[in-house]
Structure formats: C-alpha cells, structure tokens
Amino acid sequence: LRMVANPKFHRSLVNKIPSVHLSTSGLTGRHFAAYSRLSLTRLFSTADVGKKNAREKAKNEVRDRNMRYREASSSAKGAALFALKVSVCPILREELHLNGREKRGRVFVQSDSYESTTLQGLKNELHSFFRALKKSTYVLSAQLPVVNEDGEMVLNNEMIGDGKLNCDIVSDEDVVKVFQDAVGFYEATLESDESKSIARPTILLHVSKDPNAPPPPPPPAYLEDMPDPAQSLHMTMLSFYSFPPGLIQDVEEFSLSLRRAWKPFNALGRIYVAEEGVNAQMSVPTSVLENFKACCFSIPELGEYMENGLNIDPVPISSEEFFHGERPPPFKNLHIRPRSQIVADGLTQPLDWQRAGNDLPPLEWHKKLQAEEPPILLDCRNSYETGVGKFVNAEPLNTETFKDTWDILKERLKDVPRDKEVMTYCTGGIRCVKVGAYLEQELGFKNVSRLAGGIIGYDRTLEKEREKKEENLGLEDAGDLESLFHGTNYVFDGRVGRQITDHQLGECVTCGNATHLLSNCANTACHRRMVQCSVCLTGFNGCCSTSCQNRFVNSLARSKRTLSSGVEIGGEGGEEVKSSGEIDFDPAVFDDVQEYSAEHSSGAPALYDAIQRNTERYLPTGAHMTSGGVQGRLLASLASMARRGRVLEVGTFTGYATCAFAEGVAGGCGDGGGFVLTLERDKLACGVARHHIRALGKGGTGEGGAEVAELLDDKIVAELGEGAEDETRLEGGVRVVSRKCNDALAVLEDMAEQRVEGGAFDLVFVDADKTRLLDYVECCLGSDKLLRRGGSILVDNVLWKGAVVSTEEGEEGETKQTRRKRKLARIMHKFNEKIQTDLRAEVVLLPLRDGLSIIRKL
Ligand SMILES: C[S@@+](CC[C@H](N)C(=O)[O-])C[C@H]1O[C@@H](n2cnc3c(N)ncnc32)[C@H](O)[C@@H]1O
C-alpha cells in the first residue's frame with residue numbers, strides 16, 4: 001500500500017508500460033497510461049474491487065485483456081490474434097436491455113485457442129463481454145469483412161437487422177472453418193497489396209435471437225395485477241436482515257439480482273449485501289407492500305432466513321410528507337451496496353451466526369424484564385444511541401463503534417458464571433446476532449437471549465398489544481404494557497430518532513438541559529448527529545453551535561444572492577473531494593520536470609518520512625493527501641518568512657504540513673512568539689496529527705522526532721468534541737494548536753468577525769474541502785482581523801491533476817468518476833479565474849505538484 005500510495009511508484013510503473021496509439025477505439029497512449037494506473041490501483045486495492053459491481057468488473061477484465069492483446073498485436077501484426085466484430089440483433093438488445101456498449105463491440109481471440117476452435121469456447125468469450133447473453137438462447141452467424149475499392153475494410157453490418165450473416169455457426173467444425181477462412185482472407189489481402197491489407201484476421205459475428213427458443217418465462221406471480229407503485233399515496237418504512245447458512249456465493253451478482261427484482265416496486269433504501277447476508281433499511285410504496293413481501297419471501301437467501309421476517313412500520317407516511325415534508329426523505333434512492341460484512345464487526349475470524357443464543361419474542365422479553373431477579377441486560381448499541389434512550393436497568397456498553405464491543409464484553413463478563421442468563425438488545429436485532437454468537441462461541445455463555453426484532457420490534461409489538469387491549473380482543477397475558485424502553489430510539493435513516501416514551505435521557509448539546517430530541521446539524525458541512533432541545537433547535541436554526549449557525553445563515557443568504565445574480569460561487573455542499581482516492585491523474589502533468597525539481601530540492605528530514613509511513617498505515621486511502629516532500633519544504637520556507645510567525649492551516653489531516661509550518665516558524669520567526677493553529681474535522685486524522693506534532697515538540701524534525709512519531713499505536717483516536725484543542729510548545733516558544741472542529745469555514749467566519757487572540761495571521765493555508773475555496777479565501781481577504789494586509793493565502797490543488805486545462809464536456813459514456821473530476825476541475829478553474837481578477841490580491845499559481853497558488857493580500 002505504501003508503494004501504491006506513492007505517486008513516484010505509480011509513475012515509474014506507468015512509464016514502463018509501453019503506450020499505444022489506438023485510434024480505432026479513440027484511446028490515446030495517454031489514456032492508456034492513465035488506464036493502466038487505474039488497473040494497478042484496482043489490482044492492489046481490494047476495498048475498491050469489493051465496491052465495483054459485477055458488470056463493471058467483468059467489463060474491465062475483458063477490456064484489460066483486450067488491451068494486452070492490442071499491445072501484443074501492435075508489435076506483431078498477423079494471424080496470432082483474431083478480431084471479432086460482434087453485433088447483437090435489435091430484438092435481443094431490447095429483450096436483454098443491453099446498454100450502448102453491449103449492443104456491439106470488438107473481442108480479440110487468440111489463434112488455436114479453446115475460443116477459436118470450439119463453439120462453447122467462443123460463446124464463453126462472448127459472455128464475458130456481453131454478460132446478458134448468458135441468459136438467452138441465441139444463434140451465431142459469421143461473415144468475412146468486405147474490402148472496398150480503396151482497400152478499406154467495410155465493417156458496417158448494421159443493415160443485418162434481425163437477420164443473419166451468410167455463415168451459420170452451430171458446431172465446433174463451423175467455428176474452425178470460419179477462423180480458417182478468416183486467415184485465408186487475411187493472407188489474400190496481404191498478397192494483393194500489403195499497404196492496404198488488414199492488420200489481422202477479422203470476422204463479423206452476428207448474434208440473433210433463436211427462432212426456436214422457448215418463450216420467456218411468465219412474470220412472477222407477485223407482480224400479477226400489481227397496482228402502479230407510482231400512484232401510491234403512502235410509503236411504508238421497513239427493515240430486515242438475513243444470515244443465510246449457505247452464505248451468499250456471488251455477492252455482486254446477488255446485489256444485481258435484488259436490484260432487478262425490486263425495480264418494479266419503486267422501492268427506496270440502503271441495503272448492504274455481503275457473503276454473510278443482507279441488511280436492509282427500506283421504504284416501499286404502501287400500495288405494493290404485499291407484492292414486495294411476496295417477492296422477498298420468494299428469494300431463497302432471504303425467505304425463511306429473514307430473522308423475524310420483515311420489520312414493518314405500522315404507520316405509513318403520506319407520499320407528500322415522505323418526499324416533500326419538513327424533514328428530508330428517509331431515502332432518496334435504492335442503494336444496494338456489496339460489502340465485506342453487513343455489520344462491520346472487526347473480529348479476526350467470522351463466527352457461526354446460526355449459533356447466536358435464543359431469539360426472545362418481545363412479549364416474553366417484556367415479561368422477563370419485570371421478573372424480580374432480572375438477568376444481565378446489555379445494550380449493544382453505541383454511546384450516542386444509548387445516550388437518548390435505553391431499557392430500564394440496561395447496561396450500555398458505551399462503544400464508540402461496534403468494533404469496540406468485544407473487549408468491553410470480555411472485561412465486563414470476565415467474572416460472571418457461564419450459566420448466568422445474559423440478555424442483549426440493539427435497534428433492529430442484527431448486531432445482537434453477532435454479540436450472541438460471540439457470547440456463546442467465544443465466551444462460553446450457555447444462556448443468551450436476544451430481543452427479537454430489537455427495540456423497533458418491541459415498540460411495535462407493544463403498540464399492537466395495546467390496540468388489541470383497547471379493542472378488547474383476546475390479549476396475551478403480557479402484564480403491564482407500559483414500555484420498559486425509555487426515551488428515544490435512534491434509527492439509521494433520515495428520521496434520526498423515534499420517541500418511544502416522554503423520558504428525556506439526553507443532554508442538549510448547546511444548553512445542557514434534558515431532552516429527547518435528536519437531529520443532525522443544519523450546516524451541511526458539519527451535519528453531526530446531536531442531541532438538542534427544542535428551544536435551542538429553533539434558537540440555533542437547527543445548528544450545533546454559533547459557528548455553524550453563522551455559516552448556515554450566511555450560506556442561505558449567499559445562495560439567495562447566487563440565484564438572483566446567476567453567479568455561481570463555491571457551493572454549499574462543502575464536500576471533501578481530495579480524499580476520494582479514485583480520481584486519476586494525467587501522467588503528462590507529472591512529467592520529468594517535476595521529477596527533476598524533486599531530485600534537486602532538499603530532502604525532507606526524517607520526521608516527515610515517519611509521518612508519511614504512519615499516514616499510510618492508519619489512513620491509507622488518504623495517504624496521497626499529505627503535502628509531501630517538495631511542497632513541505634516550500635511551506636516551511638514560506639512560514640519562516642512570515643513576519644510575526646502566525647500561521648493558520650485549514651485541513652490538518654495527519655499533520656504533515658502543520659509540522660512543516662511549525663518547523664519554518666521556529667526557524668525563522670523574529671520575535672519568538674510564533675503560533676500555528678490547525679483545524680481538522682476528522683477525529684482519527686486529528687488524533688494522528690496530534691501525535692506527530694508532539695513528536696516534533698519532543699524530538700524535533702530529525703531522527704529523534706521520527707523515533708517518537710513511530711511510537712504511534714492503535715489507541716490514537718481521542719474523544720474529541722467540537723472545539724477540543726491540543727497545544728504543543730516547541731523549543732523557542734512556538735505554540736502549535738490543533739483544534740477539532742466540525743466545519744473549518746464556520747470557524748474562519750467567526751474569527752473574521754471577532755479579533756483573533758494574539759492578532760491576525762500572516763499566512764493561511766487553505767487545504768480542506770475544495771468546493772468552497774472561494775468562501776475560505778473571501779473570509780481571509782474580507783477581514784483584516786483574520787489575515788493581515790500583506791499576508792498570504794496558500795491554496796493547494798489548483799491544477800486539479802491537470803484537468804483545469806480542459807474542462808469541456810466529456811465524451812459520451814464517460815464514467816461517474818471522470819464526470820466528477822470534470823465538475824471539480826470546473827469549480828477549480830472558476831476559482832482560479834475569479835481570484836486572478838480580484839483587485840484585493842495578487843496571485844502566483846505555481847505548477848508545483850498539483851498546483852499551489854500564493855495569493856498575497858494587498
Ligand atoms: C488535503 S487534506 C489536508 C492535508 C494537509 N494540509 C497536509 O498538507 O498534509 C484535507 C483535510 O481537510 C479536512 N477537512 C475537509 N473539510 C473540512 C472542513 N469543512 N472542516 C475541517 N476539516 C475539513 C479533511 O478531513 C482532511 O483531513
């Protein structure tokens with residue numbers, strides 16, 4: 001991983017791959033090099049592979065193979081490789097819903113291979129490119145290309161329509177003959193006029209519907225007479241999970257099949273699929289709910305293995321409220337995501353999820369909790385969930401994430417006799433399957449029970465029983481039906497929490513009063529989940545702090561201005577774009593000049609190598625985000641020139657640039673009172689950065705500092721609340737303060753209003769969310785309280801991997817990533833244009849690495 005995260009390594013490999021000019025497919029050598037790099041990333045990054053859907057993966061494999069073939073054939077023309085120009089008839093295109101790429105395409109086949117000598121081999125080859133054909137009965141026919149008077153090959157077989165080409169392929173012999181004929185034809189063109197000959201034997205292959213194929217199967221019974229889901233006046237929320245004992249063999253294929261099966265219902269939701277099972281939170285149009293249930297029960301991997309069936313919310317939401325109500329819709333799309341686990345547990349070995357204690361129906365659970373000698377009752381949710389609601393007498397495990405569960409359980413239960421009854425519960429029951437399995441199989445408890453359907457199931461059952469009681473229908477003896485769960489149940493969709501009783505167990509984040517209300521901060525860049533009372537919710541405009549409130553109110557005003565003036569600025573999304581790790585770079589930008597300048601700049605001291613290593617170990621997907629060697633040296637130099645040695649960094653990440661700034665300030669600051677403030681929203685990054693800054697404080701930038709930095713262990717993430725600060729003093733009195741904040745822009749806007757303690761900054765490094773660069777820079781240019789006149793702003797990534805140079809519309813069929821890259825490049829380009837014409841500043845855009853702008857405030 002360390003090698004892969006290192007651009008030098010990529011470059012060296014990319015440079016070693018011969019680049020080919022493939023004009024027929026529109027691919028240039030440069031694309032090929034970039035593509036090769038993507039393949040490398042794919043090869044090394046198993047997490048990425050896991051995320052790709054099956055179709056994409058198969059297509060990539062074939063493309064990879066074709067690339068190799070083309071590469072081979074570019075040096076050696078001839079009969080070693082055949083080109084098959086494949087087309088699919090319109091009937092099959094429609095029946096199989098083939099997309100643009102699958103309607104026609106080119107496949108390369110080696111001579112004397114299984115594919116070029118047998119019908120099955122040939123078909124397998126076609127299936128890997130045209131996956132949908134696997135499910136169809138079709139016939140193949142072939143033809144040799146026609147060479148026109150100018151010696152050009154006429155490959156246009158569009159005119160075939162539903163018909164066939166002149167040679168049927170129904171047996172291995174037919175395959176052999178067609179390939180032999182293709183060689184003969186190729187050799188004949190060579191002999192007649194080599195300059196006009198074709199590059200390799202070529203065959204036109206047509207796939208048409210088999211006229212004798214049996215009719216397609218009738219639609220499943222559950223779709224018969226189904227009402228139109230689009231007309232449903234209500235939406236129903238539901239959830240379910242399953243741990244099928246036979247596991248899910250092909251996760252990606254199964255995810256696709258779920259999407260196909262659920263498409264007719266207009267279902268929405270978030271579904272995780274892994275080998276171990278399925279975990280779904282969904283909303284379904286109420287009018288087709290019964291059909292949807294029947295569909296789910298007909299799928300073997302769900303069916304009887306859906307523990308407690310489907311957990312259905314008894315109160316449907318009107319479609320109007322669902323889609324256009326005050327709150328955002330719980331789900332906007334149907335996301336079916338292949339995952340390595342449906343609940344990430346952090347266990348080294350998977351357990352047998354079928355042996356996970358007993359499922360206790362809610363009414364039995366309710367009775368048991370009223371018993372005189374209650375058993376051990378464990379709340380297996382995280383602390384933010386248990387903070388607003390739990391069963392009376394339950395012990396919260398107080399985990400930050402589910403992965404913390406195992407150590408806490410071991411410690412809590414170490415002296416408990418193994419035959420003591422242990423009861424566990426969670427939101428919907430899924431986490432308790434894993435906890436139950438662990439208690440039984442790893443800790444040896446013999447009497448484990450789990451609340452079937454979790455708190456959601458318990459709440460619904462009690463509600464139903466109460467209704468029954470009211471209607472005086474035969475009521476089971478359930479004792480008192482008052483809920484023993486007190487407070488609010490945290491749920492994982494747009495609703496955030498459901499209040500079960502009036503108990504106010506939470507503490508308002510802004511005033512500290514008791515409350516049951518849960519929400520997410522309205523400042524979208526912060527969006528933290530929070531407990532906030534109704535008074536503060538209104539008073540703070542739905543935000544968690546005054547900083548976020550200012551940011552939120554300002555951005556509302558700005559978006560109004562934007563709408564009326566038609567000028568696009570920044571964008572409220574504030575998405576962190578640099579960390580996606582999926583954006584490829586244009587290798588042409590990383591040319592020899594960059595290499596040369598790196599080789600002829602001073603190397604970074606040892607501490608920085610240790611920082612980079614730790615980053616690659618603890619935050620590998622973002623390891624490319626650190627400033628790195630040459631830029632780090634430049635930042636240190638610039639900081640050393642800062643008049644009063646006061647530097648603000650926006651986006652600490654793991655502290656690479658922070659240490660460079662601190663180093664520079666310490667080495668250059670005139671009055672000895674240097675100060676570096678760095679802001680970061682990510683807890684883990686903050687924890688790692690603090691360790692590095694302390695290492696700098698203890699051992700300096702050399703080997704001593706590197707040794708301390710290397711002592712980083714897994715317990716780096718401190719519980720960091722909004723505004724939590726950590727201060728390190730360097731020799732010579734320079735103060736380095738790392739502050740955890742939810743949204744750095746809100747903090748800057750605050751500082752721009754008030755006086756910054758100790759005076760304005762000399763230098764501000766803007767290196768956080770890239771879509772709001774103008775907002776950050778505006779804060780600095782607009783307020784002398786934040787950045788003094790004559791001071792500078794540094795903005796990173798202004799060349800956006802070279803993509804700013806050309807931001808026109810992309811080719812048809814470009815991927816989501818390239819579209820996103822183009823969109824971001826346009827934002828960056830607009831930023832560069834706008835800042836260049838700003839009369840308050842002078843700009844130098846350095847083509848260093850990914851582009852660094854130095855903006856001097858006039
Ligand atoms: C490119 S990295 C910073 C790299 C660092 N300056 C360096 O040179 O080593 C960007 C960091 O900004 C943080 N970030 C993004 N948006 C933020 C925001 N609105 N508030 C605070 N931090 C943010 C991300 O979590 C990420 O760690």
# chains A, B, ... in the order shown; residues from 1 in each chain; ligands from 1
call {"tool": "residues_around", "arguments": {"residues": "A:Leu351", "least_positions_apart": "4", "cutoff": "12 Å", "atoms": "only C-alpha atoms", "output": "ChimeraX atom specification"}}
result
/A:243,245,276,345-347,355-356,433-442
call {"tool": "residues_around", "arguments": {"residues": "A:Ala606", "least_positions_apart": "3", "cutoff": "6 Å", "atoms": "only C-alpha atoms", "output": "PyMOL selection string"}}
result
chain A and resi 609+702-703+706
call {"tool": "write_last_selection", "arguments": {"atoms": "N, CA and C atoms", "output": "CSV table (one decimal), in the first residue's frame"}}
result
chain,number,residue,atom,x,y,z
A,609,ASP,N,9.2,11.4,6.9
A,609,ASP,CA,9.1,10.1,6.4
A,609,ASP,C,8.2,9.3,7.4
A,702,GLY,N,14.4,15.7,13.2
A,702,GLY,CA,15.3,14.7,12.8
A,702,GLY,C,14.9,13.3,13.3
A,703,GLU,N,16.0,12.5,13.5
A,703,GLU,CA,15.8,11.1,13.9
A,703,GLU,C,15.0,11.0,15.2
A,706,ALA,N,11.5,11.4,14.6
A,706,ALA,CA,10.9,10.3,13.8
A,706,ALA,C,10.7,9.1,14.8
call {"tool": "residues_near_ligand", "arguments": {"ligand": "ligand 1", "cutoff": "8 Å", "atoms": "only C-alpha atoms and all ligand atoms", "output": "PyMOL selection string"}}
result
chain A and resi 525-526+574-576+578-579+622+625-628+632+649-658+679-682+685-686+740-745+765-770
call {"tool": "atom_distance", "arguments": {"atom1": "atom CA of A:Val147", "atom2": "atom CA of A:Glu187"}}
result
13.2 Å
call {"tool": "atom_distance", "arguments": {"atom1": "atom CA of A:Phe108", "atom2": "atom CA of A:Leu256"}}
result
27.3 Å
call {"tool": "closest_residue", "arguments": {"among": "A:Ala746, A:Glu290, A:Gly303, A:Ala188", "to": "A:Arg772", "atoms": "only C-alpha atoms"}}
result
A:Ala746
call {"tool": "residues_around", "arguments": {"residues": "A:Leu607", "least_positions_apart": "4", "cutoff": "8 Å", "atoms": "only C-alpha atoms", "output": "MDAnalysis selection string"}}
result
chainID A and resid 611 696 700:707 709
call {"tool": "select_by_dssp", "arguments": {"residues": "stretch 249-494 of chain A", "states": "helix (DSSP H, G or I)", "output": "PyMOL selection string"}}
result
chain A and resi 251-265+286-298+303-305+319-324+362-369+383-386+402-412+430-442+454-471
call {"tool": "atom_distance", "arguments": {"atom1": "atom CA of A:Leu730", "atom2": "atom CA of A:Asp713"}}
result
22.8 Å
call {"tool": "residues_around", "arguments": {"residues": "A:Phe185", "least_positions_apart": "4", "cutoff": "9 Å", "atoms": "only C-alpha atoms", "output": "count of residues only"}}
result
8
call {"tool": "residues_around", "arguments": {"residues": "A:Leu648", "least_positions_apart": "3", "cutoff": "6 Å", "atoms": "only C-alpha atoms", "output": "number ranges by chain"}}
result
A: 676-678, 764
call {"tool": "write_last_selection", "arguments": {"atoms": "N, CA and C atoms", "output": "PDB file, in the first residue's frame"}}
result
ATOM      1  N   VAL A 676       1.070  28.450  15.407  1.00  0.00           N
ATOM      2  CA  VAL A 676       0.443  27.733  14.291  1.00  0.00           C
ATOM      3  C   VAL A 676      -0.869  27.143  14.805  1.00  0.00           C
ATOM      4  N   LEU A 677      -1.964  27.514  14.151  1.00  0.00           N
ATOM      5  CA  LEU A 677      -3.265  26.938  14.514  1.00  0.00           C
ATOM      6  C   LEU A 677      -3.715  26.082  13.343  1.00  0.00           C
ATOM      7  N   THR A 678      -4.106  24.846  13.628  1.00  0.00           N
ATOM      8  CA  THR A 678      -4.542  23.978  12.538  1.00  0.00           C
ATOM      9  C   THR A 678      -5.910  23.390  12.854  1.00  0.00           C
ATOM     10  N   VAL A 764      -2.218  31.868   5.648  1.00  0.00           N
ATOM     11  CA  VAL A 764      -3.321  30.909   5.822  1.00  0.00           C
ATOM     12  C   VAL A 764      -3.204  29.862   4.715  1.00  0.00           C
TER      13      VAL A 764
END
call {"tool": "closest_residue", "arguments": {"among": "A:Ala83, A:Pro90, A:Ala639, A:Ala261", "to": "A:Val107", "atoms": "only C-alpha atoms"}}
result
A:Ala83
call {"tool": "closest_residue", "arguments": {"among": "A:Arg849, A:Asp750, A:Val278, A:Arg690", "to": "A:Ala598", "atoms": "only C-alpha atoms"}}
result
A:Arg849
call {"tool": "residues_around", "arguments": {"residues": "A:Glu395", "least_positions_apart": "5", "cutoff": "10 Å", "atoms": "only C-alpha atoms", "output": "MDAnalysis selection string"}}
result
chainID A and resid 376:380 386 390 424
call {"tool": "write_last_selection", "arguments": {"atoms": "N, CA and C atoms", "output": "PDB file, in the first residue's frame"}}
result
ATOM      1  N   ILE A 376     -28.592 -10.313  33.504  1.00  0.00           N
ATOM      2  CA  ILE A 376     -27.732  -9.226  32.999  1.00  0.00           C
ATOM      3  C   ILE A 376     -28.352  -8.720  31.705  1.00  0.00           C
ATOM      4  N   LEU A 377     -28.525  -7.429  31.616  1.00  0.00           N
ATOM      5  CA  LEU A 377     -29.193  -6.858  30.444  1.00  0.00           C
ATOM      6  C   LEU A 377     -28.236  -5.875  29.766  1.00  0.00           C
ATOM      7  N   LEU A 378     -27.790  -6.220  28.557  1.00  0.00           N
ATOM      8  CA  LEU A 378     -26.766  -5.412  27.896  1.00  0.00           C
ATOM      9  C   LEU A 378     -27.334  -4.666  26.683  1.00  0.00           C
ATOM     10  N   ASP A 379     -27.089  -3.376  26.635  1.00  0.00           N
ATOM     11  CA  ASP A 379     -27.483  -2.571  25.477  1.00  0.00           C
ATOM     12  C   ASP A 379     -26.279  -2.533  24.538  1.00  0.00           C
ATOM     13  N   CYS A 380     -26.419  -3.190  23.366  1.00  0.00           N
ATOM     14  CA  CYS A 380     -25.255  -3.374  22.484  1.00  0.00           C
ATOM     15  C   CYS A 380     -25.120  -2.266  21.449  1.00  0.00           C
ATOM     16  N   THR A 386     -27.375   5.033  23.062  1.00  0.00           N
ATOM     17  CA  THR A 386     -27.863   4.770  24.415  1.00  0.00           C
ATOM     18  C   THR A 386     -28.039   6.067  25.204  1.00  0.00           C
ATOM     19  N   LYS A 390     -32.919   3.912  26.490  1.00  0.00           N
ATOM     20  CA  LYS A 390     -32.489   2.531  26.762  1.00  0.00           C
ATOM     21  C   LYS A 390     -33.525   1.849  27.636  1.00  0.00           C
ATOM     22  N   THR A 424     -29.495  -9.475  25.577  1.00  0.00           N
ATOM     23  CA  THR A 424     -28.911  -8.383  24.786  1.00  0.00           C
ATOM     24  C   THR A 424     -29.955  -7.801  23.846  1.00  0.00           C
TER      25      THR A 424
END
